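Asks: Take a look at the following structure, please.
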There are 2 protein chains.
Amino acid sequence: MTSGVPDRRRRVREALTAAAIDLFQAKGFDETTVDEIAAAAGVGRRTFFRYFPSKEDVIFPDHEARLVRVAEVFATASADEPPLSVACRAVHTVLEAYIDEGVIAVQRYRLTRDFPQLRAREIASAHTYNIAVTRYLRDRVGDEPEGALWAEVAGSAVVAAHNHVLRQWLKAGGKGDALGKADRAFRYIRETLGVTAARADDGEDVVVAVLRRGMPLANVVRRIEDALER
Amino acid sequence: MTSGVPDRRRRVREALTAAAIDLFQAKGFDETTVDEIAAAAGVGRRTFFRYFPSKEDVIFPDHEARLVRVAEVFATASADEPPLSVACRAVHTVLEAYIDEGVIAVQRYRLTRDFPQLRAREIASAHTYNIAVTRYLRDRVGDEPEGALWAEVAGSAVVAAHNHVLRQWLKAGGKGDALGKADRAFRYIRETLGVTAARADDGEDVVVAVLRRGMPLANVVRRIEDALER
DNA sequence: CACACTAATGGCACTCAGTGCCATCGCGCA
DNA sequence: TGCGCGATGGCACTGAGTGCCATTAGTGTG
């Protein structure tokens, strides 16, 4: 077994996370000491802090990996693809990662719901996605007037849509078509906040839109976008 | 002096906050102990923890008060006023509170920029506004299909617009017309995410909109809304 | 003025998170 | 077998946060 060493590190890491989840559920977060988690995982207390920088981090073991995937989507995206579309794809990978976790994600959700310190950490983690998305959108939109405002609003909206779909899925115990709901939510965001229609820069052409009263605003915007694009 | 007691409490509280800001700026957050803050404010270490539950909280002394003001706006709002308008007014009071703080707000911004633990606390605080606004919007929108999604997206958008304007103002050292910028940003949000235009329910009337290519999307939406309203 | 009552204070001791240091262990390799 | 190296875990230390309690300051009452 040539890859035995990193394999053991991974096993220890997972054992610590599993032990922490069990103990937090059974005794509560404050009532569980790092000594107990380490002992339950069969390692020393000092080793715990070599795997996780703090007691809170033990139940968020793969946040960094998810953030890397988001960054990769941004790094490899074509400049032709609309910025919001890229943002939605990036956030979509985060949702996929949660869903792949399955039961673990649900357990963590309940822990973050019950214990404020874990909730605070969760919020901070989610905010890093917000930062990443907003930064990408800001870079893409360049120096357009109010571009930075749009980037922050649109980035927050995309992340909010993700959070909403994810939370519904977690509340349901990991049941339901979260990915499909996310696609619909993202389409709503793109229709509502897309900027492409505002970019037509070839003069003063006139577009006439015929709309039915009662049509959802999102559809109106989409139709206008289509008309303005050509 | 009949009101001398609460007056003294307020003075001690402010002395602790001021001492903490000074020391954090001078030495850094980790390098400053609670003993030092308390000593600089002329009280004992034990007293510090009677005023603030943690070392981080000492520079966010009035977060609770701001949250109360937001809740008051929601509690006293008329059911006739569009939900997004109420949300913007509520968040507006938060911006006013920051601006009223003046230099203190700028100092706190720099501390939260430089020290991760304070930044995490700031993010968690800001998120409580997000929760409050989203909850209000969700209650207002009732059981409309996708209403919860809209509430979360719109609430996050309003808070994001506030955050953007506030951060620009803080970065500029507390200079500039933040309230005016906020009003414009909120108008953009209401024009983009407002639901009133999508509610026209009187049949199949046809509206013809004449638009110039190159017109900002926000203006397009506003014009459509005007047309749909009558 | 003397006295009592109440809230705030601060000191003390304690638990526990997090860190630096170092001896030891397991394991591959020459 | 001996060597090198990364991982481990024990130990000691700092500092945050908390419970407990005696003391004090400030207020009202006779």
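Scheme for the structure tokens: letters A, B, ... for chains in order shown; per-chain residue numbers from 1; ligand numbers from 1 in order shown.
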Distance cut-off 12 Å, counting only C-alpha atoms (C1' of nucleotides) - which residues of chain C neighbour chain A? Return them as an NGL selection string.

Replies: :C and (15-20 or 26-28)

Asks: Only N, CA and C atoms (P, O5', C5', C4', C3', O3' and C1' of nucleotides), please: the residues just picked out, written as a JSON list (two decimals), in the first residue's frame.

Replies:
```json
[["chain", "number", "residue", "atom", "x", "y", "z"],
["C", 15, "DT", "P", -11.40, 22.55, 37.73],
["C", 15, "DT", "O5'", -12.06, 22.93, 36.31],
["C", 15, "DT", "C5'", -13.46, 23.15, 36.22],
["C", 15, "DT", "C4'", -13.84, 23.53, 34.80],
["C", 15, "DT", "C3'", -13.22, 22.62, 33.73],
["C", 15, "DT", "O3'", -14.19, 22.29, 32.76],
["C", 15, "DT", "C1'", -12.63, 24.88, 33.32],
["C", 16, "DC", "P", -13.90, 21.11, 31.70],
["C", 16, "DC", "O5'", -13.41, 21.92, 30.41],
["C", 16, "DC", "C5'", -14.23, 22.97, 29.90],
["C", 16, "DC", "C4'", -13.46, 23.79, 28.91],
["C", 16, "DC", "C3'", -12.64, 22.97, 27.89],
["C", 16, "DC", "O3'", -12.86, 23.48, 26.59],
["C", 16, "DC", "C1'", -11.31, 24.65, 28.87],
["C", 17, "DA", "P", -12.66, 22.61, 25.27],
["C", 17, "DA", "O5'", -12.16, 23.70, 24.21],
["C", 17, "DA", "C5'", -12.89, 24.92, 24.08],
["C", 17, "DA", "C4'", -11.99, 26.02, 23.58],
["C", 17, "DA", "C3'", -11.16, 25.67, 22.35],
["C", 17, "DA", "O3'", -11.13, 26.80, 21.48],
["C", 17, "DA", "C1'", -9.71, 26.31, 24.13],
["C", 18, "DG", "P", -10.74, 26.63, 19.94],
["C", 18, "DG", "O5'", -9.16, 26.87, 19.99],
["C", 18, "DG", "C5'", -8.71, 28.17, 20.29],
["C", 18, "DG", "C4'", -7.24, 28.15, 20.60],
["C", 18, "DG", "C3'", -6.32, 27.47, 19.57],
["C", 18, "DG", "O3'", -5.45, 28.45, 19.06],
["C", 18, "DG", "C1'", -5.68, 26.96, 21.78],
["C", 19, "DT", "P", -4.33, 28.07, 17.95],
["C", 19, "DT", "O5'", -3.01, 28.00, 18.83],
["C", 19, "DT", "C5'", -2.68, 29.08, 19.69],
["C", 19, "DT", "C4'", -1.29, 28.89, 20.27],
["C", 19, "DT", "C3'", -0.27, 28.28, 19.30],
["C", 19, "DT", "O3'", 0.93, 29.01, 19.39],
["C", 19, "DT", "C1'", -0.35, 27.02, 21.29],
["C", 20, "DG", "P", 2.08, 28.82, 18.26],
["C", 20, "DG", "O5'", 3.33, 28.43, 19.15],
["C", 20, "DG", "C5'", 3.61, 29.17, 20.32],
["C", 20, "DG", "C4'", 4.65, 28.46, 21.16],
["C", 20, "DG", "C3'", 5.80, 27.81, 20.37],
["C", 20, "DG", "O3'", 7.03, 28.04, 21.06],
["C", 20, "DG", "C1'", 4.70, 26.16, 21.65],
["C", 26, "DG", "P", 5.18, 2.51, 17.83],
["C", 26, "DG", "O5'", 4.87, 2.67, 16.28],
["C", 26, "DG", "C5'", 3.82, 3.53, 15.86],
["C", 26, "DG", "C4'", 3.95, 3.87, 14.39],
["C", 26, "DG", "C3'", 4.29, 2.68, 13.49],
["C", 26, "DG", "O3'", 3.50, 2.76, 12.32],
["C", 26, "DG", "C1'", 5.93, 4.36, 13.22],
["C", 27, "DC", "P", 3.37, 1.51, 11.32],
["C", 27, "DC", "O5'", 4.26, 1.98, 10.09],
["C", 27, "DC", "C5'", 4.18, 3.34, 9.65],
["C", 27, "DC", "C4'", 5.29, 3.64, 8.65],
["C", 27, "DC", "C3'", 5.80, 2.42, 7.89],
["C", 27, "DC", "O3'", 5.89, 2.73, 6.52],
["C", 27, "DC", "C1'", 7.60, 3.61, 8.80],
["C", 28, "DG", "P", 5.76, 1.55, 5.41],
["C", 28, "DG", "O5'", 6.75, 2.08, 4.27],
["C", 28, "DG", "C5'", 6.63, 3.41, 3.80],
["C", 28, "DG", "C4'", 7.99, 4.01, 3.52],
["C", 28, "DG", "C3'", 8.86, 3.22, 2.54],
["C", 28, "DG", "O3'", 9.38, 4.08, 1.54],
["C", 28, "DG", "C1'", 10.06, 3.67, 4.52]]
```

Asks: Once you count only C-alpha atoms (C1' of nucleotides), which residues of chain A turn out to be within 9 Å of chain D? Could you give them as a list in words?

Replies: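 The selection requested is Val43, Gly44, Arg45, Arg46 and Thr47 of chain A.
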
Asks: How would the residues just chosen look if you wrote them out with C-alpha atoms as a PDB file, in the first residue's frame?

Replies:
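Generated file (selection13.pdb):
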```
ATOM      1  CA  VAL A  43      -6.189  10.204  19.145  1.00  0.00           C
ATOM      2  CA  GLY A  44      -4.656  12.677  21.521  1.00  0.00           C
ATOM      3  CA  ARG A  45      -6.024  16.123  22.184  1.00  0.00           C
ATOM      4  CA  ARG A  46      -2.996  17.767  20.638  1.00  0.00           C
ATOM      5  CA  THR A  47      -3.558  15.875  17.418  1.00  0.00           C
TER       6      THR A  47
END
```

Asks: With distances taken over only C-alpha atoms, which residue among B:Ala161, B:Ile104, B:Ala19, B:Ala154 lies nearest B:Gly173?

Replies: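 Nearest candidate to B:Gly173 out of B:Ala161, B:Ile104, B:Ala19, B:Ala154: B:Ile104.
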
Asks: Using atom CA of B:Phe48 and atom CA of B:Val12 as the two end points, give the distance in Å to one decimal.

Replies: 9.3 Å

Asks: Do a neighbour search on B:Ile59 at 10 Å with only C-alpha atoms (C1' of nucleotides), toss out local chain neighbours closer than 5 positions, and write the hits as a PyMOL selection string.

Replies: chain B and resi 14+16-21+24+52+104-105+107-108+111-112+118+121-122

Asks: Show me, as number ranges by chain, the residues that have an atom within 12 Å of A:Glu81 when counting only C-alpha atoms (C1' of nucleotides), minus same-chain residues fewer than 6 positions from it.

Replies: A: 73-74, 87-89, 140, 194, 196

Asks: With N, CA and C atoms retained, export the selected residues as a PDB file, in the first residue's frame.

Replies:
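Full text of again34.pdb as output:
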```
ATOM      1  N   VAL A  73     -14.472  27.198 -11.192  1.00  0.00           N
ATOM      2  CA  VAL A  73     -15.493  27.564 -12.172  1.00  0.00           C
ATOM      3  C   VAL A  73     -15.225  28.968 -12.700  1.00  0.00           C
ATOM      4  N   PHE A  74     -14.907  29.877 -11.803  1.00  0.00           N
ATOM      5  CA  PHE A  74     -14.653  31.258 -12.228  1.00  0.00           C
ATOM      6  C   PHE A  74     -13.397  31.340 -13.092  1.00  0.00           C
ATOM      7  N   ALA A  87     -21.915  32.627 -12.428  1.00  0.00           N
ATOM      8  CA  ALA A  87     -22.109  32.663 -10.980  1.00  0.00           C
ATOM      9  C   ALA A  87     -23.056  31.549 -10.533  1.00  0.00           C
ATOM     10  N   CYS A  88     -24.117  31.365 -11.290  1.00  0.00           N
ATOM     11  CA  CYS A  88     -25.073  30.322 -10.920  1.00  0.00           C
ATOM     12  C   CYS A  88     -24.437  28.940 -11.043  1.00  0.00           C
ATOM     13  N   ARG A  89     -23.653  28.726 -12.087  1.00  0.00           N
ATOM     14  CA  ARG A  89     -22.975  27.438 -12.204  1.00  0.00           C
ATOM     15  C   ARG A  89     -22.042  27.198 -11.030  1.00  0.00           C
ATOM     16  N   ARG A 140     -16.077  41.081 -13.706  1.00  0.00           N
ATOM     17  CA  ARG A 140     -16.654  40.915 -15.041  1.00  0.00           C
ATOM     18  C   ARG A 140     -17.347  42.189 -15.520  1.00  0.00           C
ATOM     19  N   GLY A 194     -30.350  39.879 -14.748  1.00  0.00           N
ATOM     20  CA  GLY A 194     -29.402  39.843 -15.857  1.00  0.00           C
ATOM     21  C   GLY A 194     -29.152  41.224 -16.429  1.00  0.00           C
ATOM     22  N   THR A 196     -27.486  41.703 -19.497  1.00  0.00           N
ATOM     23  CA  THR A 196     -27.130  41.715 -20.914  1.00  0.00           C
ATOM     24  C   THR A 196     -27.989  42.688 -21.691  1.00  0.00           C
TER      25      THR A 196
END
```

Asks: May I ask for the distance between atom CA of B:Gly102 and atom CA of B:Gly174, given in Å to one decimal place?

Replies: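 Computing it gives 6.5 Å between the two atoms.
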
Asks: So that I can see what lies close to B:Pro82, please list as a list in words the residues with an atom at most 10 Å from it, counting only C-alpha atoms (C1' of nucleotides) and leaving out residues fewer than 2 positions away in the same chain.

Replies: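 Near neighbours after the sequence-gap exclusion: Ala77, Ser78, Ala79, Asp80, Leu84, Ser85, Val86, Ala87, Leu137, Arg140, Arg190, Gly194, Val195 and Thr196 of chain B.
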
Asks: Please produce an output containing N, CA and C atoms for each residue in the selection, written as a CSV table (one decimal), in the first residue's frame.

Replies:
```csv
chain,number,residue,atom,x,y,z
B,77,ALA,N,-45.4,49.2,10.3
B,77,ALA,CA,-45.7,49.5,8.9
B,77,ALA,C,-47.1,49.2,8.5
B,78,SER,N,-47.6,50.0,7.6
B,78,SER,CA,-49.0,49.8,7.1
B,78,SER,C,-49.0,48.6,6.2
B,79,ALA,N,-50.1,47.9,6.1
B,79,ALA,CA,-50.2,46.8,5.2
B,79,ALA,C,-50.4,47.3,3.8
B,80,ASP,N,-50.7,48.6,3.6
B,80,ASP,CA,-50.8,49.2,2.3
B,80,ASP,C,-49.5,49.4,1.6
B,84,LEU,N,-41.4,45.6,-0.1
B,84,LEU,CA,-40.1,46.0,-0.4
B,84,LEU,C,-39.8,47.4,0.1
B,85,SER,N,-40.8,48.3,0.0
B,85,SER,CA,-40.6,49.6,0.5
B,85,SER,C,-40.4,49.6,2.0
B,86,VAL,N,-41.2,48.8,2.7
B,86,VAL,CA,-41.0,48.8,4.2
B,86,VAL,C,-39.6,48.2,4.5
B,87,ALA,N,-39.2,47.2,3.7
B,87,ALA,CA,-37.9,46.6,4.0
B,87,ALA,C,-36.8,47.6,3.8
B,137,LEU,N,-40.6,39.9,4.9
B,137,LEU,CA,-41.0,39.8,3.5
B,137,LEU,C,-41.8,38.5,3.4
B,140,ARG,N,-45.2,38.8,4.8
B,140,ARG,CA,-46.0,39.7,3.9
B,140,ARG,C,-46.5,39.0,2.7
B,190,ARG,N,-36.1,48.1,-5.7
B,190,ARG,CA,-37.6,48.0,-5.8
B,190,ARG,C,-38.0,47.9,-7.2
B,194,GLY,N,-39.4,44.4,-7.2
B,194,GLY,CA,-40.8,44.7,-6.8
B,194,GLY,C,-41.8,43.7,-7.4
B,195,VAL,N,-42.8,43.4,-6.6
B,195,VAL,CA,-43.7,42.4,-7.1
B,195,VAL,C,-45.0,43.0,-7.6
B,196,THR,N,-45.2,44.3,-7.3
B,196,THR,CA,-46.5,45.0,-7.6
B,196,THR,C,-46.8,44.9,-9.1
```

Asks: Here is a test: counting only C-alpha atoms, which residue of A:Ser125, A:Val133, A:Arg66, A:Lys171 is nearest to chain B?

Replies: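 For chain B, the nearest of the given residues is A:Ser125.
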